[in-house]
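Engineer: Input structure_2.cif, format and content: mmCIF, C-alpha atoms and all ligand atoms.
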```
data_start
loop_
_atom_site.label_atom_id
_atom_site.label_comp_id
_atom_site.auth_asym_id
_atom_site.auth_seq_id
_atom_site.Cartn_x
_atom_site.Cartn_y
_atom_site.Cartn_z
CA MET A 252 20.40 -7.02 6.63
CA ALA A 253 22.11 -8.52 9.64
CA ASN A 254 21.66 -8.50 13.42
CA ILE A 255 24.95 -7.28 14.83
CA LEU A 256 26.15 -7.25 18.42
CA ALA A 257 29.19 -5.18 19.37
CA VAL A 258 31.02 -5.50 22.68
CA GLY A 259 33.09 -2.48 23.68
CA ILE A 260 32.87 1.04 24.98
CA ALA A 261 30.93 4.25 24.73
CA THR A 262 32.60 7.45 25.82
CA ILE A 263 31.87 11.09 26.29
CA ASP A 264 33.99 12.95 23.75
CA ILE A 265 34.77 16.57 24.59
CA ILE A 266 36.09 17.91 21.32
CA ASN A 267 37.88 21.24 21.13
CA THR A 268 38.51 22.49 17.61
CA VAL A 269 41.83 24.34 17.59
CA VAL A 270 43.60 26.21 14.81
CA ASP A 271 46.71 24.16 15.37
CA TYR A 272 48.02 21.82 18.02
CA PRO A 273 49.18 23.60 21.15
CA ASP A 274 52.83 23.46 22.09
CA GLU A 275 53.63 21.99 25.46
CA ASP A 276 53.26 24.49 28.30
CA SER A 277 51.23 26.92 26.18
CA GLU A 278 47.64 28.09 26.08
CA ILE A 279 45.38 28.43 23.07
CA ARG A 280 41.68 28.95 22.58
CA ALA A 281 39.32 26.48 21.02
CA SER A 282 37.14 27.97 18.28
CA VAL A 283 34.32 25.60 19.12
CA GLN A 284 33.59 22.81 21.60
CA HIS A 285 31.35 19.78 21.10
CA ARG A 286 30.34 17.13 23.60
CA ARG A 287 29.16 13.98 21.97
CA ARG A 288 29.06 10.22 22.30
CA GLY A 289 32.17 8.35 21.16
CA GLY A 290 33.91 5.01 21.71
CA ASN A 291 35.05 2.59 19.05
CA ALA A 292 32.36 -0.08 19.34
CA THR A 293 29.46 2.35 19.49
CA ASN A 294 30.96 4.51 16.71
CA SER A 295 31.07 1.43 14.48
CA LEU A 296 27.51 0.49 15.45
CA VAL A 297 26.21 3.94 14.56
CA VAL A 298 27.67 3.48 11.09
CA LEU A 299 26.47 -0.13 10.75
CA SER A 300 23.00 0.99 11.72
CA GLN A 301 23.04 3.61 8.96
CA LEU A 302 24.08 0.85 6.57
CA GLY A 303 20.80 -0.86 7.37
CA HIS A 304 21.71 -3.38 10.11
CA GLN A 305 19.90 -4.09 13.38
CA CYS A 306 22.49 -3.23 16.02
CA ARG A 307 22.91 -4.10 19.70
CA TRP A 308 25.56 -2.76 22.01
CA ALA A 309 26.96 -4.62 25.03
CA GLY A 310 29.00 -2.33 27.28
CA VAL A 311 29.00 -0.62 30.66
CA LEU A 312 26.86 2.40 31.52
CA VAL A 313 26.81 4.44 34.73
CA ASN A 314 23.85 6.16 36.32
CA GLU A 315 25.15 9.71 35.85
CA ALA A 316 24.21 12.82 33.88
CA ASP A 317 26.60 12.23 30.94
CA THR A 318 25.06 8.84 30.21
CA ASP A 319 22.08 10.71 28.74
CA ILE A 320 24.24 12.07 25.93
CA ILE A 321 25.25 8.51 25.08
CA LEU A 322 21.79 6.99 25.29
CA THR A 323 20.18 9.82 23.34
CA ASP A 324 22.61 9.33 20.48
CA LEU A 325 22.35 5.54 20.49
CA ASN A 326 18.60 5.81 20.60
CA LYS A 327 18.62 8.21 17.66
CA HIS A 328 20.53 5.56 15.69
CA HIS A 329 18.18 2.74 16.80
CA ILE A 330 20.87 0.89 18.73
CA ASP A 331 19.53 -1.51 21.32
CA THR A 332 21.22 -1.13 24.73
CA HIS A 333 19.39 -3.87 26.63
CA ASP A 334 22.50 -6.02 26.86
CA CYS A 335 24.42 -3.30 28.74
CA THR A 336 25.47 -3.49 32.38
CA TYR A 337 24.42 -0.54 34.54
CA LEU A 338 26.54 0.64 37.47
CA ASN A 339 25.29 2.98 40.16
CA GLN A 340 28.64 4.63 40.73
CA GLY A 341 31.44 5.80 38.53
CA LYS A 342 32.05 8.11 35.58
CA MET A 343 31.56 7.35 31.93
CA PRO A 344 34.95 7.16 30.18
CA THR A 345 35.80 10.60 28.88
CA SER A 346 38.05 11.66 26.00
CA TYR A 347 39.48 15.16 25.85
CA ILE A 348 40.14 15.72 22.18
CA SER A 349 41.95 18.46 20.28
CA LEU A 350 40.82 18.55 16.67
CA SER A 351 43.13 20.49 14.42
CA ALA A 352 41.18 22.73 12.01
CA LYS A 353 44.27 22.83 9.81
CA THR A 354 44.58 19.09 9.13
CA GLY A 355 41.42 17.49 10.55
CA SER A 356 43.61 15.20 12.67
CA ARG A 357 42.95 14.60 16.33
CA SER A 358 44.84 14.02 19.58
CA ILE A 359 43.05 12.24 22.38
CA VAL A 360 43.60 12.21 26.13
CA HIS A 361 41.37 9.43 27.38
CA TYR A 362 40.31 9.00 30.99
CA ARG A 363 38.58 5.91 32.36
CA ASP A 364 38.23 4.15 35.66
CA LEU A 365 35.21 2.05 34.83
CA PRO A 366 35.19 -1.74 34.98
CA GLU A 367 35.06 -3.36 31.54
CA PHE A 368 32.12 -5.39 30.25
CA SER A 369 32.86 -8.85 31.62
CA PHE A 370 32.66 -12.44 30.46
CA ASP A 371 29.94 -13.06 33.06
CA ASP A 372 27.89 -10.22 31.53
CA PHE A 373 28.50 -11.61 28.06
CA LYS A 374 27.28 -15.10 28.96
CA GLN A 375 23.86 -13.65 29.83
CA ILE A 376 23.28 -12.36 26.30
CA ASP A 377 20.86 -14.27 24.13
CA LEU A 378 22.74 -14.69 20.85
CA SER A 379 20.12 -16.79 19.13
CA ASN A 380 19.20 -14.26 16.44
CA ILE A 381 22.61 -12.62 16.10
CA ASP A 382 24.41 -12.87 12.73
CA TRP A 383 27.72 -11.19 13.61
CA VAL A 384 29.56 -10.30 16.82
CA HIS A 385 32.17 -7.55 16.89
CA PHE A 386 34.63 -7.15 19.78
CA GLU A 387 36.95 -4.34 20.75
CA GLY A 388 40.29 -5.83 21.78
CA ARG A 389 40.30 -4.41 25.30
CA ASN A 390 40.35 -6.51 28.47
CA VAL A 391 42.34 -9.41 27.10
CA ASP A 392 41.46 -12.09 29.67
CA ASP A 393 37.70 -11.60 29.50
CA THR A 394 37.61 -11.04 25.75
CA LEU A 395 39.49 -14.32 25.31
CA LYS A 396 36.88 -16.11 27.39
CA MET A 397 34.09 -14.47 25.38
CA LEU A 398 35.66 -15.55 22.09
CA GLN A 399 36.22 -19.10 23.34
CA TRP A 400 32.69 -19.35 24.65
CA LEU A 401 31.26 -17.95 21.43
CA LYS A 402 33.17 -20.44 19.31
CA GLN A 403 32.08 -23.29 21.59
CA GLN A 404 28.40 -22.38 21.86
CA HIS A 405 27.89 -20.86 18.40
CA PRO A 406 30.61 -22.29 16.17
CA HIS A 407 29.02 -20.89 13.00
CA LEU A 408 28.47 -17.36 14.25
CA PRO A 409 31.11 -15.14 12.61
CA CYS A 410 32.94 -12.57 14.68
CA SER A 411 35.40 -9.76 14.24
CA LEU A 412 37.94 -8.23 16.57
CA GLU A 413 39.30 -4.71 16.48
CA ILE A 414 42.92 -4.31 17.54
CA GLU A 415 43.56 -0.63 17.96
CA LYS A 416 46.06 -0.34 20.77
CA PRO A 417 48.89 -2.55 21.92
CA ARG A 418 47.98 -4.27 25.19
CA ASP A 419 49.74 -6.99 27.18
CA ASN A 420 49.17 -10.42 25.65
CA ILE A 421 46.66 -9.11 23.11
CA GLU A 422 48.00 -11.64 20.56
CA LYS A 423 46.29 -14.33 22.65
CA LEU A 424 43.06 -13.17 21.00
CA PHE A 425 44.23 -13.62 17.42
CA ASP A 426 43.44 -17.33 17.03
CA LEU A 427 39.67 -17.14 17.27
CA PRO A 428 38.01 -14.35 15.26
CA ASN A 429 37.06 -14.73 11.61
CA LEU A 430 38.15 -11.18 10.88
CA ILE A 431 40.70 -9.00 12.67
CA LEU A 432 40.78 -5.26 12.02
CA PHE A 433 44.15 -3.77 12.92
CA SER A 434 44.98 -0.09 13.23
CA LYS A 435 48.01 1.72 11.90
CA HIS A 436 48.70 2.67 15.51
CA TYR A 437 49.02 -0.99 16.52
CA ALA A 438 51.24 -1.94 13.56
CA SER A 439 53.43 1.14 14.06
CA HIS A 440 53.87 0.30 17.72
CA LEU A 441 55.31 -3.07 16.67
CA GLY A 442 57.84 -1.17 14.55
CA TYR A 443 56.21 -1.46 11.11
CA ASN A 444 56.07 1.59 8.88
CA ASN A 445 53.72 0.02 6.36
CA ALA A 446 50.78 -2.35 6.39
CA THR A 447 52.26 -4.70 3.78
CA ASN A 448 55.13 -5.84 5.95
CA PHE A 449 52.93 -5.94 9.01
CA LEU A 450 50.29 -8.16 7.39
CA THR A 451 52.87 -10.35 5.69
CA GLU A 452 54.67 -11.13 8.93
CA LEU A 453 51.56 -11.39 11.08
CA LYS A 454 51.00 -14.87 12.51
CA LEU A 455 47.35 -15.82 12.17
CA PRO A 456 45.40 -19.03 11.56
CA SER A 457 44.96 -19.51 7.82
CA ALA A 458 41.17 -19.08 7.94
CA THR A 459 41.45 -15.61 9.45
CA VAL A 460 41.05 -12.53 7.29
CA ALA A 461 43.01 -9.48 8.45
CA ALA A 462 42.67 -5.84 7.46
CA CYS A 463 44.78 -2.86 8.35
CA ALA A 464 43.69 0.75 7.74
CA TRP A 465 46.53 3.18 7.18
CA ALA A 466 45.09 6.72 7.20
CA GLU A 467 45.53 8.56 3.87
CA ALA A 468 47.45 5.60 2.38
CA GLY A 469 44.16 3.65 2.33
CA ALA A 470 43.87 0.10 3.61
CA TRP A 471 45.26 -3.39 3.12
CA ALA A 472 43.80 -6.83 3.68
CA ARG A 473 45.17 -10.36 3.80
CA ASP A 474 42.85 -13.06 2.53
CA LYS A 475 42.58 -16.71 3.60
CA GLN A 476 45.21 -17.69 1.04
CA GLY A 477 47.63 -15.13 2.48
CA THR A 478 47.32 -12.82 -0.55
CA LEU A 479 47.62 -9.12 0.19
CA LEU A 480 45.19 -6.62 -1.31
CA HIS A 481 45.27 -2.85 -1.21
CA SER A 482 42.81 -0.07 -1.90
CA GLU A 483 43.84 3.58 -2.09
CA ALA A 484 42.16 6.11 0.17
CA GLU A 485 39.82 8.59 -1.47
CA LYS A 486 41.45 11.91 -2.34
CA LEU A 487 39.91 14.62 -0.18
CA ASN A 488 40.18 18.34 -0.80
CA SER A 489 39.39 19.13 2.77
CA VAL A 490 39.77 16.89 5.81
CA GLN A 491 37.37 18.06 8.53
CA ASP A 492 37.38 15.45 11.27
CA THR A 493 39.26 12.16 11.37
CA LEU A 494 37.93 11.18 14.81
CA GLY A 495 36.49 7.69 14.37
CA ALA A 496 37.77 7.23 10.78
CA GLY A 497 39.07 3.78 11.77
CA ASP A 498 35.78 2.85 13.46
CA THR A 499 33.93 3.89 10.30
CA PHE A 500 36.33 1.89 8.13
CA ASN A 501 35.72 -1.16 10.34
CA ALA A 502 31.95 -0.78 10.04
CA GLY A 503 32.18 -0.41 6.27
CA PHE A 504 34.42 -3.47 6.02
CA ILE A 505 32.16 -5.66 8.18
CA HIS A 506 29.17 -4.52 6.14
CA ALA A 507 30.90 -5.43 2.89
CA ILE A 508 31.88 -8.88 4.22
CA LEU A 509 28.28 -9.47 5.34
CA GLN A 510 27.26 -8.63 1.78
CA HIS A 511 29.75 -11.24 0.49
CA GLN A 512 31.71 -8.60 -1.40
CA PRO A 513 35.17 -9.73 -2.50
CA LEU A 514 37.86 -8.38 -0.19
CA GLU A 515 39.09 -5.84 -2.70
CA SER A 516 35.65 -4.37 -3.09
CA ALA A 517 35.23 -4.45 0.71
CA LEU A 518 38.42 -2.41 1.14
CA HIS A 519 37.28 0.07 -1.43
CA SER A 520 33.82 0.64 -0.01
CA ALA A 521 35.18 0.85 3.56
CA ASN A 522 37.69 3.48 2.38
CA GLN A 523 34.94 5.44 0.67
CA LEU A 524 32.85 5.48 3.81
CA ALA A 525 35.82 6.40 6.01
CA ALA A 526 36.72 9.24 3.64
CA LYS A 527 33.16 10.50 3.87
CA LYS A 528 33.60 10.47 7.64
CA CYS A 529 36.84 12.46 7.38
CA SER A 530 35.16 15.05 5.17
CA GLN A 531 32.45 15.87 7.72
CA VAL A 532 32.11 16.47 11.44
CA GLY A 533 30.61 13.55 13.40
CA PHE A 534 28.85 10.43 12.19
CA ASP A 535 25.36 11.60 11.26
CA ASN A 536 24.12 11.11 7.68
CA LEU A 537 27.27 9.29 6.70
CA VAL A 538 25.51 6.85 4.47
CA ASN A 539 22.63 8.82 2.97
CA ASN A 540 24.85 11.20 1.09
CA THR A 541 26.93 8.48 -0.54
CA THR A 542 25.84 8.39 -4.18
CA GLU A 543 27.57 5.29 -5.48
CA GLN A 544 28.33 1.71 -4.58
CA ALA A 545 31.43 0.23 -6.20
CA HIS A 546 31.88 -3.48 -6.88
CA PHE A 547 35.05 -5.19 -7.96
CA LEU A 548 34.41 -7.38 -11.01
CA CYS A 549 37.63 -8.97 -12.24
CA LEU A 550 41.15 -8.53 -13.51
CA LYS A 551 41.73 -7.49 -17.11
CA ALA A 552 43.28 -10.90 -17.75
CA ASP A 553 40.00 -12.56 -16.75
CA LEU A 554 38.07 -10.97 -19.64
CA PRO A 555 37.96 -12.51 -23.14
CA GLU A 556 39.68 -10.52 -25.88
CA GLN A 557 36.52 -10.71 -28.00
CA GLY A 558 33.26 -11.92 -26.48
CA PHE A 559 31.38 -11.78 -23.20
CA ARG A 560 31.64 -12.54 -19.52
CA GLU A 561 28.75 -12.78 -17.09
CA PHE A 562 28.66 -11.68 -13.44
CA LYS A 563 26.21 -11.85 -10.60
CA ILE A 564 26.85 -9.39 -7.82
CA GLN A 565 25.17 -8.64 -4.52
CA THR A 566 24.02 -5.03 -4.34
CA GLU A 567 22.14 -3.02 -1.73
CA GLN A 568 19.02 -3.83 -3.75
CA GLY A 569 19.60 -7.58 -4.27
CA GLU A 570 21.37 -9.72 -6.87
CA LEU A 571 22.31 -7.94 -10.09
CA ALA A 572 22.99 -10.07 -13.19
CA LEU A 573 25.18 -8.35 -15.76
CA PHE A 574 27.57 -9.15 -18.57
CA ILE A 575 30.59 -7.45 -20.01
CA SER A 576 30.85 -7.17 -23.75
CA CYS A 577 34.43 -6.99 -25.09
CA GLN A 578 34.51 -5.91 -28.72
CA ASP A 579 37.58 -4.63 -30.56
CA GLY A 580 39.17 -3.27 -27.39
CA GLU A 581 35.94 -1.64 -26.08
CA THR A 582 34.47 -2.90 -22.82
CA THR A 583 30.79 -2.29 -22.09
CA ALA A 584 28.63 -3.56 -19.23
CA TYR A 585 24.95 -4.38 -19.65
CA GLN A 586 22.37 -5.58 -17.20
CA ASN A 587 21.47 -9.13 -18.25
CA LYS A 588 17.79 -8.38 -18.66
CA CYS A 589 15.89 -8.28 -21.94
CA PRO A 590 13.66 -5.15 -22.12
CA HIS A 591 10.93 -7.35 -23.60
CA LEU A 592 10.10 -9.72 -20.71
CA GLY A 593 12.76 -8.74 -18.17
CA ILE A 594 14.37 -12.19 -18.37
CA PRO A 595 18.10 -13.02 -18.82
CA LEU A 596 19.20 -12.80 -22.45
CA ASN A 597 21.26 -15.98 -22.58
CA TRP A 598 20.64 -19.68 -22.05
CA GLU A 599 24.30 -20.72 -21.89
CA THR A 600 26.96 -19.12 -19.74
CA ASP A 601 28.71 -16.16 -21.41
CA LYS A 602 26.91 -16.79 -24.76
CA PHE A 603 25.26 -13.59 -26.05
CA TYR A 604 26.27 -13.36 -29.75
CA SER A 605 23.83 -13.62 -32.62
CA MET A 606 24.71 -16.30 -35.17
CA GLU A 607 26.93 -13.97 -37.26
CA LYS A 608 28.48 -12.44 -34.14
CA THR A 609 27.33 -9.01 -35.27
CA HIS A 610 24.85 -8.41 -32.44
CA ILE A 611 23.81 -9.40 -28.95
CA GLN A 612 20.82 -11.70 -29.22
CA CYS A 613 18.14 -12.65 -26.71
CA SER A 614 17.88 -16.45 -26.75
CA THR A 615 14.15 -16.49 -25.95
CA HIS A 616 12.52 -14.38 -28.69
CA GLY A 617 15.52 -13.48 -30.85
CA ALA A 618 15.67 -9.70 -30.22
CA LEU A 619 18.89 -8.23 -31.65
CA PHE A 620 20.87 -5.50 -29.88
CA THR A 621 23.83 -3.50 -31.15
CA LEU A 622 27.13 -4.52 -29.61
CA ASP A 623 28.29 -0.99 -28.78
CA LYS A 624 25.11 0.59 -27.36
CA GLY A 625 22.79 -2.33 -26.57
CA HIS A 626 20.12 -0.77 -28.77
CA CYS A 627 17.42 -3.18 -30.03
CA ILE A 628 17.16 -3.13 -33.83
CA ALA A 629 14.88 -6.14 -34.33
CA GLY A 630 12.48 -8.21 -32.27
CA PRO A 631 9.67 -7.59 -29.81
CA CYS A 632 11.45 -4.73 -27.99
CA VAL A 633 12.68 -2.86 -31.04
CA ASP A 634 13.97 0.64 -30.24
CA GLN A 635 14.37 -0.14 -26.56
CA SER A 636 17.85 -0.64 -25.07
CA LEU A 637 19.67 -2.86 -22.66
CA MET A 638 20.57 -1.05 -19.46
CA THR A 639 24.24 -0.03 -19.64
CA LEU A 640 26.20 0.10 -16.41
CA ASP A 641 29.21 2.26 -15.51
CA LEU A 642 32.60 0.62 -15.48
CA GLU A 643 35.83 1.94 -14.10
CA TRP A 644 39.34 0.66 -14.72
CA ARG A 645 41.68 0.98 -11.77
CA GLU A 646 44.94 -0.11 -13.27
CA ASP A 647 44.26 -3.65 -14.48
CA ARG A 648 41.16 -4.11 -12.30
CA LEU A 649 37.64 -3.65 -13.49
CA TRP A 650 35.04 -2.12 -11.14
CA LEU A 651 31.36 -1.51 -11.52
CA SER A 652 29.92 1.78 -10.17
CA LEU A 653 26.25 1.76 -9.35
CA PRO A 654 24.21 4.70 -8.15
CA LEU A 655 22.93 3.99 -4.63
CA ASN A 656 19.34 4.42 -5.83
CA PHE A 657 19.85 1.94 -8.69
CA SER A 658 16.85 -0.35 -9.12
CA LEU A 659 17.15 -3.92 -10.35
P1 LIG B 701 42.13 5.67 12.94
O1 LIG B 701 43.33 6.55 13.22
O2 LIG B 701 40.82 6.32 13.28
O3 LIG B 701 42.26 4.28 13.50
P2 LIG B 701 43.03 5.83 10.15
O4 LIG B 701 43.60 7.20 10.32
O5 LIG B 701 43.99 4.72 9.86
O6 LIG B 701 42.07 5.44 11.36
O7 LIG B 701 41.98 5.91 8.94
C1 LIG B 701 41.05 4.90 8.68
C2 LIG B 701 40.59 5.04 7.25
O8 LIG B 701 40.03 6.36 7.06
C3 LIG B 701 41.71 4.97 6.21
O9 LIG B 701 41.95 3.61 5.85
C4 LIG B 701 41.11 5.76 5.07
O10 LIG B 701 40.18 4.98 4.34
C5 LIG B 701 40.33 6.85 5.78
N1 LIG B 701 41.13 8.07 5.94
C6 LIG B 701 41.83 8.49 7.01
N2 LIG B 701 42.45 9.67 6.77
C7 LIG B 701 42.12 10.01 5.51
C8 LIG B 701 42.43 11.12 4.65
N3 LIG B 701 43.23 12.12 5.05
N4 LIG B 701 41.92 11.11 3.39
C9 LIG B 701 41.13 10.12 2.95
N5 LIG B 701 40.78 9.05 3.71
C10 LIG B 701 41.28 8.99 4.96
C1 LIG B 702 37.57 7.27 18.17
C2 LIG B 702 37.24 7.02 19.62
C3 LIG B 702 36.64 8.22 20.29
C4 LIG B 702 36.90 7.88 21.74
C5 LIG B 702 38.26 7.20 21.68
C6 LIG B 702 38.36 6.04 22.66
O1 LIG B 702 38.09 6.11 17.58
O2 LIG B 702 36.36 5.93 19.74
O3 LIG B 702 35.27 8.42 19.99
O4 LIG B 702 36.93 8.95 22.56
O5 LIG B 702 38.42 6.72 20.37
O6 LIG B 702 39.60 5.40 22.57
#
```
Would you put the structure from the file into structure tokens?
Ligand code: ADP
Ligand code: FRU

Structural biologist:
Amino acid sequence: MANILAVGIATIDIINTVVDYPDEDSEIRASVQHRRRGGNATNSLVVLSQLGHQCRWAGVLVNEADTDIILTDLNKHHIDTHDCTYLNQGKMPTSYISLSAKTGSRSIVHYRDLPEFSFDDFKQIDLSNIDWVHFEGRNVDDTLKMLQWLKQQHPHLPCSLEIEKPRDNIEKLFDLPNLILFSKHYASHLGYNNATNFLTELKLPSATVAACAWAEAGAWARDKQGTLLHSEAEKLNSVQDTLGAGDTFNAGFIHAILQHQPLESALHSANQLAAKKCSQVGFDNLVNNTTEQAHFLCLKADLPEQGFREFKIQTEQGELALFISCQDGETTAYQNKCPHLGIPLNWETDKFYSMEKTHIQCSTHGALFTLDKGHCIAGPCVDQSLMTLDLEWREDRLWLSLPLNFSL
């Protein structure tokens, strides 16, 4: 897992759950009030930490009572705060949030008068063991200097930038990050009513990957070739709390990129995680309750009509070798591991047939397995079976679903 540094804010979120949004010049009662830590960068770190990464936060803290709420939560999620700047005076940024019980959507009134984490602070950070730096697109001038310095001093250290709100000259930041995560809010402010047009018309260096989350429509990404990809949002029966859905999506997407998942799979897993966030209050136990990891395999057109195709994919547990068997219109996935010695079945790429093409055959000791069930009918592991894996077609795209507790 990776060492991740995020530069951005932590806030105090005062969240009032209301039956419905109040009309202007009216008064309603909140059914419940929570005070908890918020802020985009730290929200994303809390999720990244649950995904197994070592996380560090660089931001500004004030010596005041509310800071305890923030530090307690960050501490609970094992987030290192040694890179933060401490101020003796001031107030932690505070968000006054109305959370609609009807829709799960939120409206935020944000108050801050705190100086931002500066370039001078950033230069003090030892980045030697950092694998990924994530920035919130906030104070444009200093963030630009941080990005430039990072690229100069650590040209191979990948970094991402979150663009949530429109700010003067924010486009100045777009040339340097490896990944830019845009919000629907930002694209809408520029006049776009969909992510496709926004990402198509966006001017970015060709090596930059861009993603744009679009609430219940899911999320889009643009790869280094300029190709657009989309993944639907999960269908939720009940939306509880969308506060930080975008921050969760960003964390899930960064995690997937760090795992070298293809962009389509990255979009899908980030959507799944963000949906999980929307279906519960707060960020705790977001990851533990997820039961499946999904991996994009290939397009239908990339499979043989009759025969096999091998894959190696990176999973939470390590590299998984598998092959797809395509027989008379049926598609089955097997782990490429003979039950006899636990070694790959084939010697040559995509070659699994027995001589007569009636079975799958292990090249080492000749065990024969049925094509439809992977059951061994002859050889040293007779009566044992190849491990079958779950496949899912999403239109013409083939995905692999693995239980989170899957063992290699
Ligand atoms: P934010 O407003 O926090 O920046 P979005 O509202 O765009 O973020 O949502 C981010 C991601 O959260 C979406 O891409 C989607 O995956 C998920 N999401 C948001 N709202 C819903 C919803 N109603 N149902 C399912 N997933 C949702
Ligand atoms: C959610 C959030 C809240 C915070 C606000 C700051 O994305 O980070 O936790 O109060 O946005 O803009």

Engineer: Give as a count of residues only the residues surrounding ligand LIG 702 (chain B) up to a distance of 9 Å, considering only C-alpha atoms and all ligand atoms.

Structural biologist: 32

Engineer: I'd like to know which of A:Ser358, A:Thr451, A:Thr615, A:Ser369 is closest to Lys396 in chain A, using only C-alpha atoms.

Structural biologist: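 Of the candidates, the smallest distance to Lys396 in chain A is held by A:Ser369.
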
Engineer: Counting only C-alpha atoms and all ligand atoms, which protein, DNA or RNA residues come within 6 Å of ligand LIG 701 (chain B), given as an MDAnalysis selection string?

Structural biologist: chainID A and resid 434:435 464:467 469:470 484:487 490 494:497 500 522 525:526

Engineer: Got a sec: who's within 8 Å of Val384 in chain A, counting all atoms listed in the file, leaving out chain neighbours fewer than 4 positions off, as a PDB file with C-alpha atoms, in the frame of the given file?

Structural biologist:
```pdb
ATOM      1  CA  ILE A 255      24.950  -7.280  14.830  1.00  0.00           C
ATOM      2  CA  LEU A 256      26.150  -7.250  18.420  1.00  0.00           C
ATOM      3  CA  ALA A 257      29.190  -5.180  19.370  1.00  0.00           C
ATOM      4  CA  VAL A 258      31.020  -5.500  22.680  1.00  0.00           C
ATOM      5  CA  LEU A 408      28.470 -17.360  14.250  1.00  0.00           C
ATOM      6  CA  PRO A 409      31.110 -15.140  12.610  1.00  0.00           C
ATOM      7  CA  CYS A 410      32.940 -12.570  14.680  1.00  0.00           C
ATOM      8  CA  SER A 411      35.400  -9.760  14.240  1.00  0.00           C
TER       9      SER A 411
END
```

Engineer: Name the residues in contact with Phe562 in chain A at a cut-off of 8 Å, using all atoms listed in the file, excluding same-chain residues fewer than 4 positions from it; report them as a list in words.

Structural biologist: Leu548, Ala572, Leu573 and Phe574 of chain A

Engineer: Tell me which of A:Ala352, A:Val460, A:Leu537, A:Leu642 sits closest to Val298 in chain A, counting only C-alpha atoms.

Structural biologist: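 Of all the options, A:Leu537 lies closest to Val298 in chain A.
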
Engineer: Looking at A:Gln635, A:Gln403, A:Thr478, A:Gln557, which one is nearest to Phe603 in chain A, with distances taken over only C-alpha atoms?

Structural biologist: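 Between A:Gln635, A:Gln403, A:Thr478, A:Gln557, the residue approaching Phe603 in chain A most closely is A:Gln557.
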
Engineer: So, counting all atoms listed in the file, which residue among A:Tyr604, A:Phe449, A:Phe534, A:Tyr585 is closest to Val297 in chain A?

Structural biologist: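 Selected residue with least distance to Val297 in chain A: A:Phe534.
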
Engineer: Find the residues near Ile505 in chain A: any atom within 10 Å, counting all atoms listed in the file, skip ones fewer than 2 places away on the same chain, and give them as a PyMOL selection string.

Structural biologist: chain A and resi 255+295+299+383+385+410-411+430+432+499-503+507-511+517-518+521

Engineer: Work out where the centre of an axis-aligned box around every listed atom of range 273-292 of chain A lies and how long its edges are once 4 Å is added on each side; give both in Å to one decimal as JSON.

Structural biologist:
```
{"center_x": 41.3, "center_y": 14.4, "center_z": 23.3, "size_x": 32.6, "size_y": 37.0, "size_z": 18.0}
```

Engineer: Hey, can you pull every residue with an atom no more than 10 Å from (48.7, -2.8, 19.5), using only C-alpha atoms, and send it as a list in words?

Structural biologist: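 Result, sorted by chain then residue number: Gly388, Ile414, Glu415, Lys416, Pro417, Arg418, Asp419, Asn420, Ile421, Glu422, Phe433, Ser434, Lys435, His436, Tyr437, Ala438, Ser439, His440 and Leu441 of chain A.
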
Engineer: When you draw a straight line from CA of Ala618 in chain A to CA of Leu640 in chain A, how long is it in Å?

Structural biologist: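 Atom-to-atom, CA of Ala618 in chain A to CA of Leu640 in chain A, that is 19.9 Å.
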
Engineer: His610 in chain A: which residues within 10 Å, counting only C-alpha atoms, same-chain residues fewer than 4 positions away excluded, as a PDB file with C-alpha atoms, keeping the file's coordinate frame?

Structural biologist:
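New file around12.pdb:
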```pdb
ATOM      1  CA  PHE A 603      25.260 -13.590 -26.050  1.00  0.00           C
ATOM      2  CA  TYR A 604      26.270 -13.360 -29.750  1.00  0.00           C
ATOM      3  CA  SER A 605      23.830 -13.620 -32.620  1.00  0.00           C
ATOM      4  CA  MET A 606      24.710 -16.300 -35.170  1.00  0.00           C
ATOM      5  CA  ALA A 618      15.670  -9.700 -30.220  1.00  0.00           C
ATOM      6  CA  LEU A 619      18.890  -8.230 -31.650  1.00  0.00           C
ATOM      7  CA  PHE A 620      20.870  -5.500 -29.880  1.00  0.00           C
ATOM      8  CA  THR A 621      23.830  -3.500 -31.150  1.00  0.00           C
ATOM      9  CA  LEU A 622      27.130  -4.520 -29.610  1.00  0.00           C
ATOM     10  CA  ASP A 623      28.290  -0.990 -28.780  1.00  0.00           C
ATOM     11  CA  GLY A 625      22.790  -2.330 -26.570  1.00  0.00           C
ATOM     12  CA  HIS A 626      20.120  -0.770 -28.770  1.00  0.00           C
ATOM     13  CA  CYS A 627      17.420  -3.180 -30.030  1.00  0.00           C
ATOM     14  CA  ILE A 628      17.160  -3.130 -33.830  1.00  0.00           C
TER      15      ILE A 628
END
```

Engineer: Which residue out of A:Asn445, A:Ser489, A:Ser614, A:Thr609 has the minimum interatomic distance to Gln578 in chain A when only C-alpha atoms are used?

Structural biologist: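 For Gln578 in chain A, the nearest of the given residues is A:Thr609.
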
Engineer: Between A:Val311, A:Cys613, A:Leu338, A:Glu275, which has the minimum distance to Cys589 in chain A (counting all atoms listed in the file)?

Structural biologist: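 Answer, going by the shortest atom-to-atom distance: A:Cys613.
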
Engineer: So that I can see what lies close to Glu561 in chain A, please list as a PyMOL selection string the residues with an atom at most 12 Å from it, counting all atoms listed in the file and leaving out residues fewer than 4 positions away in the same chain.

Structural biologist: chain A and resi 548-549+553-555+571-577+583-588+595-603

Engineer: Copy range 599-604 of chain A out of the block into a file, keeping C-alpha atoms, as a short mmCIF file (atom, residue, chain, number, x, y, z; two decimals), in the first residue's frame.

Structural biologist:
```
data_model
loop_
_atom_site.label_atom_id
_atom_site.label_comp_id
_atom_site.auth_asym_id
_atom_site.auth_seq_id
_atom_site.Cartn_x
_atom_site.Cartn_y
_atom_site.Cartn_z
CA GLU A 599 1.91 -21.08 -23.83
CA THR A 600 -0.23 -17.97 -23.70
CA ASP A 601 -3.98 -18.66 -23.97
CA LYS A 602 -3.39 -22.41 -24.69
CA PHE A 603 -5.49 -24.60 -22.36
CA TYR A 604 -7.13 -27.19 -24.64
#
```
